[in-house]
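Below is the file final12.cif, which contains mmCIF, C-alpha atoms.
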```
data_structure
loop_
_atom_site.label_atom_id
_atom_site.label_comp_id
_atom_site.auth_asym_id
_atom_site.auth_seq_id
_atom_site.Cartn_x
_atom_site.Cartn_y
_atom_site.Cartn_z
CA MET A 1 148.59 93.33 -70.72
CA GLU A 2 151.62 91.40 -71.90
CA PRO A 3 154.87 93.36 -72.15
CA PRO A 4 155.98 94.09 -75.72
CA ALA A 5 158.37 91.55 -77.15
CA SER A 6 162.00 92.58 -77.26
CA PRO A 7 163.14 93.45 -80.77
CA ARG A 8 164.98 90.61 -82.49
CA ARG A 9 168.73 91.09 -82.86
CA VAL A 10 169.91 91.60 -86.43
CA THR A 11 172.03 88.64 -87.56
CA ILE A 12 174.62 88.01 -90.23
CA VAL A 13 171.91 86.21 -92.22
CA ASP A 14 169.78 89.38 -92.26
CA VAL A 15 172.77 91.37 -93.51
CA ALA A 16 173.45 88.84 -96.28
CA ARG A 17 169.81 88.94 -97.45
CA HIS A 18 169.69 92.74 -97.34
CA ALA A 19 172.93 93.03 -99.34
CA GLN A 20 171.93 90.11 -101.61
CA VAL A 21 175.19 88.28 -100.98
CA SER A 22 176.19 85.10 -99.20
CA THR A 23 176.83 84.87 -95.47
CA THR A 24 180.39 83.86 -96.38
CA ALA A 25 180.85 87.18 -98.15
CA VAL A 26 179.57 89.08 -95.11
CA SER A 27 181.91 87.09 -92.88
CA LYS A 28 184.87 87.97 -95.09
CA VAL A 29 184.05 91.67 -94.91
CA LEU A 30 183.68 91.54 -91.13
CA ARG A 31 187.06 89.82 -90.80
CA ASN A 32 188.76 92.00 -93.42
CA ALA A 33 189.65 88.72 -95.09
CA TYR A 34 191.12 88.23 -98.55
CA GLY A 35 188.61 87.73 -101.35
CA ALA A 36 186.11 90.54 -100.72
CA SER A 37 186.21 93.06 -103.57
CA PRO A 38 185.84 96.81 -102.87
CA ALA A 39 182.37 96.71 -104.40
CA MET A 40 181.38 93.77 -102.20
CA GLN A 41 182.76 95.51 -99.12
CA ALA A 42 180.82 98.68 -99.89
CA LYS A 43 177.63 96.67 -100.42
CA VAL A 44 177.96 94.80 -97.15
CA ARG A 45 179.01 97.85 -95.15
CA ARG A 46 175.97 99.72 -96.46
CA ALA A 47 173.67 96.87 -95.41
CA ILE A 48 175.31 96.78 -91.96
CA ASP A 49 174.72 100.52 -91.51
CA GLU A 50 171.14 100.36 -92.76
CA LEU A 51 170.19 97.44 -90.51
CA GLY A 52 172.23 98.56 -87.50
CA TYR A 53 173.99 95.20 -87.30
CA ARG A 54 176.41 94.71 -84.41
CA PRO A 55 178.44 91.46 -84.28
CA LEU A 56 178.48 89.75 -80.90
CA ALA A 57 181.88 90.15 -79.25
CA ALA A 58 181.70 86.58 -77.95
CA ALA A 59 181.08 85.26 -81.46
CA ARG A 60 183.95 87.30 -82.84
CA GLY A 61 186.11 85.85 -80.07
CA LEU A 62 185.29 82.34 -81.22
CA ARG A 63 186.62 83.34 -84.65
CA GLY A 64 189.89 84.51 -83.11
CA ARG A 65 189.49 88.14 -81.99
CA THR A 66 187.02 90.35 -80.14
CA TYR A 67 188.65 93.61 -81.31
CA THR A 68 188.59 94.95 -77.77
CA ILE A 69 191.55 96.25 -75.79
CA GLY A 70 191.36 96.54 -72.03
CA VAL A 71 193.01 99.51 -70.32
CA MET A 72 193.47 99.39 -66.56
CA LEU A 73 193.73 102.75 -64.80
CA PRO A 74 195.01 102.99 -61.23
CA ASP A 75 193.06 106.16 -60.39
CA ILE A 76 190.42 107.75 -62.61
CA ARG A 77 190.78 111.05 -60.71
CA ASN A 78 194.39 111.63 -61.76
CA PRO A 79 194.24 114.05 -64.71
CA PHE A 80 197.40 112.65 -66.27
CA PHE A 81 195.88 109.31 -67.25
CA PRO A 82 193.46 110.80 -69.83
CA GLU A 83 196.57 112.05 -71.65
CA ILE A 84 197.70 108.43 -72.07
CA LEU A 85 194.18 107.37 -73.03
CA ASP A 86 194.05 110.01 -75.76
CA GLY A 87 197.25 108.56 -77.20
CA ILE A 88 195.83 105.04 -77.08
CA THR A 89 192.49 105.86 -78.68
CA GLY A 90 194.07 108.12 -81.28
CA CYS A 91 196.32 105.28 -82.39
CA LEU A 92 193.26 103.03 -82.83
CA ASP A 93 191.20 105.49 -84.91
CA ASP A 94 191.72 103.63 -88.17
CA THR A 95 191.26 100.14 -86.72
CA ASP A 96 188.31 98.02 -85.63
CA TYR A 97 189.48 98.03 -82.02
CA GLN A 98 187.51 99.50 -79.13
CA VAL A 99 188.94 100.42 -75.73
CA LEU A 100 187.26 99.30 -72.52
CA LEU A 101 188.41 100.76 -69.19
CA GLY A 102 188.76 99.12 -65.80
CA PRO A 103 189.69 100.82 -62.50
CA GLY A 104 192.60 99.22 -60.66
CA CYS A 105 192.08 101.44 -57.58
CA ASN A 106 195.79 101.32 -56.67
CA GLY A 107 195.41 97.90 -55.06
CA GLU A 108 196.73 94.42 -55.84
CA LYS A 109 193.39 92.71 -55.14
CA GLU A 110 191.43 95.19 -57.26
CA GLU A 111 193.95 94.95 -60.11
CA ALA A 112 193.70 91.15 -60.09
CA ARG A 113 189.90 91.34 -60.35
CA VAL A 114 190.05 93.77 -63.26
CA THR A 115 192.74 91.94 -65.24
CA GLU A 116 191.10 88.55 -64.72
CA ALA A 117 187.74 89.95 -65.84
CA MET A 118 189.33 91.34 -68.99
CA ILE A 119 190.97 88.00 -69.74
CA ASP A 120 187.70 86.14 -69.09
CA ARG A 121 185.92 88.39 -71.57
CA GLY A 122 188.34 87.53 -74.32
CA MET A 123 189.97 90.91 -74.84
CA ASP A 124 192.68 90.80 -77.48
CA GLY A 125 195.22 92.77 -75.45
CA LEU A 126 195.73 94.77 -72.28
CA VAL A 127 197.43 98.05 -71.41
CA LEU A 128 198.15 98.21 -67.68
CA ILE A 129 198.89 101.74 -66.48
CA ALA A 130 201.18 101.99 -63.43
CA PRO A 131 200.13 98.62 -61.98
CA VAL A 132 201.10 97.91 -58.36
CA SER A 133 200.71 94.13 -58.63
CA PRO A 134 203.74 91.85 -58.14
CA ARG A 135 205.72 91.13 -61.27
CA ALA A 136 204.72 87.45 -61.03
CA HIS A 137 201.06 88.45 -61.45
CA LEU A 138 201.86 90.76 -64.36
CA GLU A 139 203.73 87.94 -66.10
CA ARG A 140 200.81 85.53 -65.55
CA VAL A 141 198.50 88.08 -67.17
CA ALA A 142 200.92 88.64 -70.05
CA SER A 143 201.24 84.89 -70.60
CA ALA A 144 197.47 84.68 -71.04
CA VAL A 145 196.94 87.77 -73.25
CA PRO A 146 199.23 90.24 -75.06
CA THR A 147 200.12 92.94 -72.54
CA VAL A 148 201.94 96.27 -72.41
CA VAL A 149 202.82 97.82 -69.05
CA VAL A 150 202.95 101.61 -68.85
CA GLY A 151 204.65 103.72 -66.20
CA ARG A 152 206.56 101.01 -64.41
CA HIS A 153 210.27 100.35 -64.68
CA GLY A 154 211.86 96.93 -64.92
CA THR A 155 211.92 94.43 -67.76
CA SER A 156 210.17 91.18 -68.57
CA PRO A 157 210.48 88.68 -71.41
CA VAL A 158 206.67 88.38 -71.72
CA TYR A 159 205.37 91.95 -71.78
CA ASP A 160 206.42 95.24 -73.35
CA ASN A 161 207.05 98.34 -71.27
CA VAL A 162 206.65 102.06 -71.98
CA GLY A 163 207.51 104.86 -69.58
CA ASP A 164 209.30 108.05 -68.76
CA ASP A 165 212.83 108.57 -67.45
CA ASP A 166 211.57 109.62 -64.03
CA VAL A 167 215.03 110.06 -62.51
CA ALA A 168 215.98 112.53 -65.25
CA GLY A 169 212.62 114.30 -64.93
CA ALA A 170 213.09 114.85 -61.20
CA ALA A 171 216.59 116.19 -61.84
CA LEU A 172 215.15 118.75 -64.27
CA VAL A 173 212.94 120.15 -61.53
CA VAL A 174 215.65 120.27 -58.87
CA ARG A 175 218.16 121.93 -61.18
CA HIS A 176 215.60 124.49 -62.30
CA LEU A 177 214.79 125.43 -58.70
CA ALA A 178 218.48 125.50 -57.75
CA ASP A 179 219.26 127.73 -60.73
CA LEU A 180 216.62 130.15 -59.44
CA GLY A 181 218.54 130.32 -56.17
CA HIS A 182 216.62 127.84 -54.02
CA ARG A 183 218.50 125.62 -51.56
CA ARG A 184 215.72 124.42 -49.25
CA ILE A 185 213.95 122.32 -51.88
CA ALA A 186 211.52 119.74 -50.47
CA HIS A 187 209.80 116.82 -52.18
CA ILE A 188 206.41 115.20 -51.63
CA GLU A 189 206.50 111.54 -52.61
CA HIS A 190 203.99 108.68 -52.73
CA HIS A 191 204.60 106.43 -49.73
CA GLU A 192 205.99 103.06 -50.78
CA THR A 193 207.32 100.10 -48.77
CA ASP A 194 207.38 97.13 -51.14
CA PRO A 195 211.02 96.64 -52.31
CA VAL A 196 210.04 95.63 -55.86
CA ARG A 197 207.74 98.63 -56.26
CA ILE A 198 210.42 100.90 -54.83
CA ALA A 199 212.69 99.70 -57.64
CA GLU A 200 210.07 99.89 -60.40
CA MET A 201 207.35 102.46 -59.69
CA PRO A 202 207.69 106.01 -61.08
CA ASN A 203 206.98 107.66 -57.72
CA ALA A 204 210.00 105.93 -56.15
CA GLN A 205 212.14 106.76 -59.17
CA ARG A 206 211.22 110.44 -58.90
CA ALA A 207 212.11 110.50 -55.21
CA ASP A 208 215.42 108.83 -56.04
CA GLY A 209 216.03 111.37 -58.82
CA TYR A 210 215.34 114.17 -56.35
CA ARG A 211 217.88 112.79 -53.86
CA ARG A 212 220.52 112.26 -56.55
CA ALA A 213 220.10 115.77 -57.96
CA MET A 214 220.26 117.37 -54.52
CA ARG A 215 223.48 115.49 -53.77
CA ASP A 216 224.96 116.39 -57.16
CA LEU A 217 224.28 120.08 -56.47
CA GLY A 218 225.88 119.96 -53.04
CA LEU A 219 222.50 120.23 -51.30
CA GLU A 220 222.48 116.84 -49.54
CA ALA A 221 222.00 118.50 -46.14
CA GLU A 222 218.82 120.13 -47.45
CA ILE A 223 217.11 116.91 -48.58
CA ASP A 224 213.58 116.97 -47.15
CA ILE A 225 211.00 114.39 -48.20
CA VAL A 226 207.42 114.02 -46.99
CA SER A 227 205.70 110.72 -47.79
CA THR A 228 201.95 110.94 -48.39
CA SER A 229 200.15 109.87 -51.58
CA TYR A 230 199.85 110.89 -55.21
CA THR A 231 196.48 112.56 -54.60
CA GLN A 232 195.32 116.12 -54.05
CA ARG A 233 194.76 115.24 -50.40
CA GLY A 234 198.28 113.86 -50.20
CA GLY A 235 199.69 117.11 -51.56
CA TYR A 236 197.63 119.14 -49.11
CA GLU A 237 198.76 117.07 -46.11
CA GLY A 238 202.37 117.05 -47.28
CA ALA A 239 202.42 120.82 -47.72
CA ARG A 240 200.94 121.38 -44.27
CA GLN A 241 203.77 119.33 -42.78
CA LEU A 242 206.38 121.28 -44.70
CA LEU A 243 204.87 124.66 -43.82
CA ALA A 244 204.95 123.68 -40.15
CA ARG A 245 208.74 123.19 -40.22
CA PRO A 246 210.70 125.59 -37.95
CA VAL A 247 212.60 126.54 -41.10
CA ARG A 248 210.27 125.89 -43.99
CA PRO A 249 211.40 125.16 -47.54
CA THR A 250 211.38 127.87 -50.18
CA ALA A 251 210.41 125.43 -52.95
CA VAL A 252 208.43 122.19 -53.21
CA PHE A 253 208.73 119.55 -55.91
CA ALA A 254 205.42 117.67 -55.94
CA GLY A 255 205.72 114.21 -57.46
CA ALA A 256 202.64 114.71 -59.65
CA ASP A 257 200.47 117.61 -60.78
CA ILE A 258 197.54 116.28 -58.75
CA VAL A 259 199.81 116.50 -55.69
CA ALA A 260 200.79 120.06 -56.62
CA MET A 261 197.10 121.03 -56.59
CA GLY A 262 196.92 120.04 -52.94
CA VAL A 263 200.08 122.02 -52.22
CA LEU A 264 198.57 125.16 -53.77
CA GLU A 265 195.46 124.66 -51.65
CA ALA A 266 197.47 124.39 -48.42
CA VAL A 267 199.60 127.43 -49.27
CA ALA A 268 196.52 129.56 -49.91
CA GLU A 269 194.90 128.31 -46.69
CA ALA A 270 198.03 129.36 -44.76
CA GLY A 271 197.72 132.91 -46.10
CA LEU A 272 200.84 132.55 -48.22
CA SER A 273 201.31 133.03 -51.94
CA VAL A 274 202.97 131.17 -54.82
CA PRO A 275 205.68 131.80 -55.93
CA GLU A 276 206.43 134.75 -53.58
CA ASP A 277 206.47 132.64 -50.40
CA LEU A 278 206.88 129.19 -51.93
CA SER A 279 207.77 127.98 -55.41
CA VAL A 280 205.86 124.86 -56.51
CA ALA A 281 206.61 122.46 -59.35
CA GLY A 282 204.72 119.35 -60.42
CA TYR A 283 205.13 116.40 -62.74
CA ASP A 284 203.01 115.29 -65.73
CA ASN A 285 202.21 118.62 -67.41
CA THR A 286 198.50 117.87 -67.32
CA THR A 287 195.96 120.08 -69.04
CA PHE A 288 195.17 122.13 -65.96
CA ALA A 289 198.89 122.87 -65.37
CA ALA A 290 198.69 125.19 -68.37
CA PHE A 291 195.42 126.76 -67.18
CA ALA A 292 196.28 130.46 -66.83
CA PRO A 293 195.10 131.00 -63.23
CA ILE A 294 197.27 128.03 -62.13
CA SER A 295 200.23 128.22 -64.55
CA LEU A 296 202.10 125.34 -62.90
CA THR A 297 205.73 124.58 -63.69
CA SER A 298 205.73 120.86 -64.51
CA VAL A 299 207.63 118.03 -66.15
CA ASP A 300 206.14 116.96 -69.47
CA GLN A 301 206.45 113.21 -69.88
CA ALA A 302 204.48 113.19 -73.15
CA GLY A 303 201.39 111.23 -72.11
CA HIS A 304 200.04 111.11 -75.67
CA GLU A 305 203.33 109.67 -76.90
CA ILE A 306 203.35 107.09 -74.13
CA GLY A 307 199.85 106.00 -75.15
CA ARG A 308 200.72 105.82 -78.84
CA ASN A 309 203.84 103.78 -78.20
CA ALA A 310 201.98 101.43 -75.89
CA THR A 311 199.28 100.84 -78.51
CA ARG A 312 201.77 100.28 -81.31
CA LEU A 313 203.65 97.69 -79.24
CA LEU A 314 200.42 96.00 -78.22
CA LEU A 315 199.17 95.66 -81.80
CA GLU A 316 202.55 94.21 -82.77
CA ARG A 317 202.36 91.71 -79.90
CA ILE A 318 198.80 90.73 -80.82
CA ALA A 319 200.06 89.98 -84.32
CA ASP A 320 203.10 88.06 -83.04
CA ARG A 321 202.99 86.67 -79.51
CA ARG A 322 206.57 85.37 -79.81
CA LYS A 323 208.24 88.68 -80.56
CA THR A 324 211.04 89.89 -78.30
CA SER A 325 209.84 92.22 -75.56
CA VAL A 326 210.55 95.92 -75.99
CA GLN A 327 211.21 98.62 -73.41
CA ILE A 328 210.73 102.28 -74.40
CA ARG A 329 211.91 105.17 -72.23
CA LEU A 330 210.89 108.67 -73.24
CA SER A 331 212.97 111.72 -72.35
CA PRO A 332 211.03 114.27 -70.28
CA THR A 333 211.18 118.03 -70.65
CA LEU A 334 210.49 120.82 -68.17
CA VAL A 335 207.80 123.40 -68.87
CA THR A 336 208.40 126.47 -66.69
CA ARG A 337 205.47 128.65 -65.71
CA ARG A 338 204.53 131.17 -63.01
CA THR A 339 204.59 128.94 -59.92
CA THR A 340 208.38 128.99 -59.72
CA ALA A 341 210.56 132.07 -59.16
CA PRO A 342 213.67 133.10 -57.22
CA PRO A 343 213.26 132.95 -53.41
CA ARG A 344 212.67 136.11 -51.45
CA GLY A 345 215.81 137.66 -49.99
#
```
Give the structure from the file, written as structure tokens.
Amino acid sequence: MEPPASPRRVTIVDVARHAQVSTTAVSKVLRNAYGASPAMQAKVRRAIDELGYRPLAAARGLRGRTYTIGVMLPDIRNPFFPEILDGITGCLDDTDYQVLLGPGCNGEKEEARVTEAMIDRGMDGLVLIAPVSPRAHLERVASAVPTVVVGRHGTSPVYDNVGDDDVAGAALVVRHLADLGHRRIAHIEHHETDPVRIAEMPNAQRADGYRRAMRDLGLEAEIDIVSTSYTQRGGYEGARQLLARPVRPTAVFAGADIVAMGVLEAVAEAGLSVPEDLSVAGYDNTTFAAFAPISLTSVDQAGHEIGRNATRLLLERIADRRKTSVQIRLSPTLVTRRTTAPPRG
């Protein structure tokens, strides 16, 4: 028996016949072009819905746009990145744009594969979240397609940049803990060696903000940093190192909420409690930070707002590739919850 023939794809010609209009009229409606009356648009849109017509992205690309935006995520397990994504997709609700995601896997090689694939598929613009690639690569990408970089400091004439004031955010945590009476305040950072990334990545900025705040408060002798990774495992390993100190800290500033989750796990495993034995603060104010059984003190860097700003700048750059690049820095706030309290004694 012969396999059944695949159903034929609905074309623009089918839509025109169904709506009893010309293919030119259908094309105008699809492109939101001048000259299509409201009645014509309604007629064509109805025919599109009834026939289930979907324009080929490649064909739309030949006409100038594919109405797709690529978003590169460094780590799909980090619960902060969905906050940014919500801001991006919310800003696109009333547009024809669709978001397609690509994992960068926190590696230069993987990021290059993802960004090149997005360029090859004719995406109209890219949002790169916390990319680790060299600036030269980011500028090559931005020269090929409109690009906004999120969560990385530094400026460029060819791409826009949106992020948080990470130095100020770290200072908020340190001052809060110091005001509670803590002096032995430790920090778990994401290990970094590349000099450019040390200058531009948020993890390095937060570690720098921690050091500055400790010095400003007269606590330079108490500076204690463990370098692991911005993962739950990294937080767990970092906390185990800190808890093994001859004189352990009374408070830990985890560089991200996902890191703080690992700290909480290690503290519980050691038979200790938070905040009685150890105060813990995170960064990102992710959804689970507010979950009542966790109630994590955390820095809110307004992920939704970061996503909205990134999308607005990207749409502006798609419309005008020659516009002057823009850098936006949002001011973080501290949300205090039950994981931080005065030290015992």
I'd like to see the residues matched by the PyMOL selection byres ((chain A and resi 82) around 10) on this file, and ideally I'd get them as a list of chain:residue names. A:Leu73, A:Ile76, A:Arg77, A:Asn78, A:Pro79, A:Phe80, A:Phe81, A:Glu83, A:Ile84, A:Leu85, A:Asp86, A:Gly87, A:Ile88, A:Thr286, A:Thr287, A:Gly303, A:His304, A:Gly307
Just to confirm, what's the straight-line distance from CA of Thr340 (chain A) to CA of Leu177 (chain A) in Å (one decimal)?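 Distance reported for this atom pair: 7.4 Å.
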Residue members of the PyMOL selection byres ((chain A and resi 260-274) around 10) in the file shown, as a VMD selection string: chain A and resid 188 230 to 243 251 to 259 275 to 283 288 to 289 294 296 to 298 338 to 341
Export, as an mmCIF file, keeping the file's coordinate frame, the selected residues with C-alpha atoms.
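Done, and the output landed in part-v7.cif:
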```
data_model
loop_
_atom_site.group_PDB
_atom_site.id
_atom_site.type_symbol
_atom_site.label_atom_id
_atom_site.label_comp_id
_atom_site.auth_asym_id
_atom_site.auth_seq_id
_atom_site.Cartn_x
_atom_site.Cartn_y
_atom_site.Cartn_z
ATOM 1 C CA ILE A 188 206.410 115.200 -51.630
ATOM 2 C CA TYR A 230 199.850 110.890 -55.210
ATOM 3 C CA THR A 231 196.480 112.560 -54.600
ATOM 4 C CA GLN A 232 195.320 116.120 -54.050
ATOM 5 C CA ARG A 233 194.760 115.240 -50.400
ATOM 6 C CA GLY A 234 198.280 113.860 -50.200
ATOM 7 C CA GLY A 235 199.690 117.110 -51.560
ATOM 8 C CA TYR A 236 197.630 119.140 -49.110
ATOM 9 C CA GLU A 237 198.760 117.070 -46.110
ATOM 10 C CA GLY A 238 202.370 117.050 -47.280
ATOM 11 C CA ALA A 239 202.420 120.820 -47.720
ATOM 12 C CA ARG A 240 200.940 121.380 -44.270
ATOM 13 C CA GLN A 241 203.770 119.330 -42.780
ATOM 14 C CA LEU A 242 206.380 121.280 -44.700
ATOM 15 C CA LEU A 243 204.870 124.660 -43.820
ATOM 16 C CA ALA A 251 210.410 125.430 -52.950
ATOM 17 C CA VAL A 252 208.430 122.190 -53.210
ATOM 18 C CA PHE A 253 208.730 119.550 -55.910
ATOM 19 C CA ALA A 254 205.420 117.670 -55.940
ATOM 20 C CA GLY A 255 205.720 114.210 -57.460
ATOM 21 C CA ALA A 256 202.640 114.710 -59.650
ATOM 22 C CA ASP A 257 200.470 117.610 -60.780
ATOM 23 C CA ILE A 258 197.540 116.280 -58.750
ATOM 24 C CA VAL A 259 199.810 116.500 -55.690
ATOM 25 C CA PRO A 275 205.680 131.800 -55.930
ATOM 26 C CA GLU A 276 206.430 134.750 -53.580
ATOM 27 C CA ASP A 277 206.470 132.640 -50.400
ATOM 28 C CA LEU A 278 206.880 129.190 -51.930
ATOM 29 C CA SER A 279 207.770 127.980 -55.410
ATOM 30 C CA VAL A 280 205.860 124.860 -56.510
ATOM 31 C CA ALA A 281 206.610 122.460 -59.350
ATOM 32 C CA GLY A 282 204.720 119.350 -60.420
ATOM 33 C CA TYR A 283 205.130 116.400 -62.740
ATOM 34 C CA PHE A 288 195.170 122.130 -65.960
ATOM 35 C CA ALA A 289 198.890 122.870 -65.370
ATOM 36 C CA ILE A 294 197.270 128.030 -62.130
ATOM 37 C CA LEU A 296 202.100 125.340 -62.900
ATOM 38 C CA THR A 297 205.730 124.580 -63.690
ATOM 39 C CA SER A 298 205.730 120.860 -64.510
ATOM 40 C CA ARG A 338 204.530 131.170 -63.010
ATOM 41 C CA THR A 339 204.590 128.940 -59.920
ATOM 42 C CA THR A 340 208.380 128.990 -59.720
ATOM 43 C CA ALA A 341 210.560 132.070 -59.160
#
```
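CA of Thr68 (chain A) lies 5.3 Å from CA of Tyr97 (chain A).
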Quick check, in Å to one decimal: how far apart do CA of Val114 (chain A) and CA of Gly102 (chain A) lie? 6.1 Å
Export: region 99-107 of chain A, all heavy atoms, as a short mmCIF file (atom, residue, chain, number, x, y, z; two decimals), in the first residue's frame:
```
data_model
loop_
_atom_site.label_atom_id
_atom_site.label_comp_id
_atom_site.auth_asym_id
_atom_site.auth_seq_id
_atom_site.Cartn_x
_atom_site.Cartn_y
_atom_site.Cartn_z
N VAL A 99 9.54 34.78 19.12
CA VAL A 99 10.84 34.58 19.75
C VAL A 99 11.26 33.12 19.61
O VAL A 99 10.47 32.21 19.86
CB VAL A 99 10.79 34.95 21.24
CG1 VAL A 99 12.06 34.52 21.96
CG2 VAL A 99 10.58 36.45 21.41
N LEU A 100 12.49 32.91 19.19
CA LEU A 100 13.08 31.58 19.11
C LEU A 100 14.31 31.55 20.02
O LEU A 100 15.13 32.48 19.99
CB LEU A 100 13.46 31.23 17.67
CG LEU A 100 12.29 31.19 16.68
CD1 LEU A 100 12.80 30.84 15.28
CD2 LEU A 100 11.24 30.17 17.10
N LEU A 101 14.42 30.50 20.83
CA LEU A 101 15.48 30.43 21.83
C LEU A 101 16.62 29.54 21.38
O LEU A 101 16.42 28.55 20.67
CB LEU A 101 14.94 29.88 23.15
CG LEU A 101 13.74 30.59 23.77
CD1 LEU A 101 13.36 29.90 25.08
CD2 LEU A 101 14.06 32.05 24.02
N GLY A 102 17.82 29.89 21.83
CA GLY A 102 18.99 29.07 21.57
C GLY A 102 19.87 29.02 22.80
O GLY A 102 20.14 30.06 23.40
N PRO A 103 20.32 27.82 23.23
CA PRO A 103 21.18 27.72 24.41
C PRO A 103 22.64 28.02 24.09
O PRO A 103 23.22 27.43 23.19
CB PRO A 103 21.00 26.25 24.84
CG PRO A 103 20.70 25.53 23.56
CD PRO A 103 19.96 26.50 22.68
N GLY A 104 23.21 28.96 24.84
CA GLY A 104 24.62 29.29 24.65
C GLY A 104 25.55 28.44 25.49
O GLY A 104 26.75 28.36 25.22
N CYS A 105 25.01 27.78 26.53
CA CYS A 105 25.74 26.81 27.34
C CYS A 105 27.00 27.39 27.99
O CYS A 105 27.95 26.66 28.30
CB CYS A 105 26.12 25.58 26.50
SG CYS A 105 24.70 24.75 25.77
N ASN A 106 27.03 28.69 28.21
CA ASN A 106 28.15 29.34 28.90
C ASN A 106 29.50 29.04 28.26
O ASN A 106 30.52 28.93 28.94
CB ASN A 106 28.19 28.92 30.38
CG ASN A 106 27.12 29.60 31.20
OD1 ASN A 106 26.99 30.82 31.17
ND2 ASN A 106 26.33 28.82 31.93
N GLY A 107 29.52 28.93 26.93
CA GLY A 107 30.79 28.65 26.25
C GLY A 107 30.93 29.45 24.97
O GLY A 107 29.94 29.68 24.27
#
```
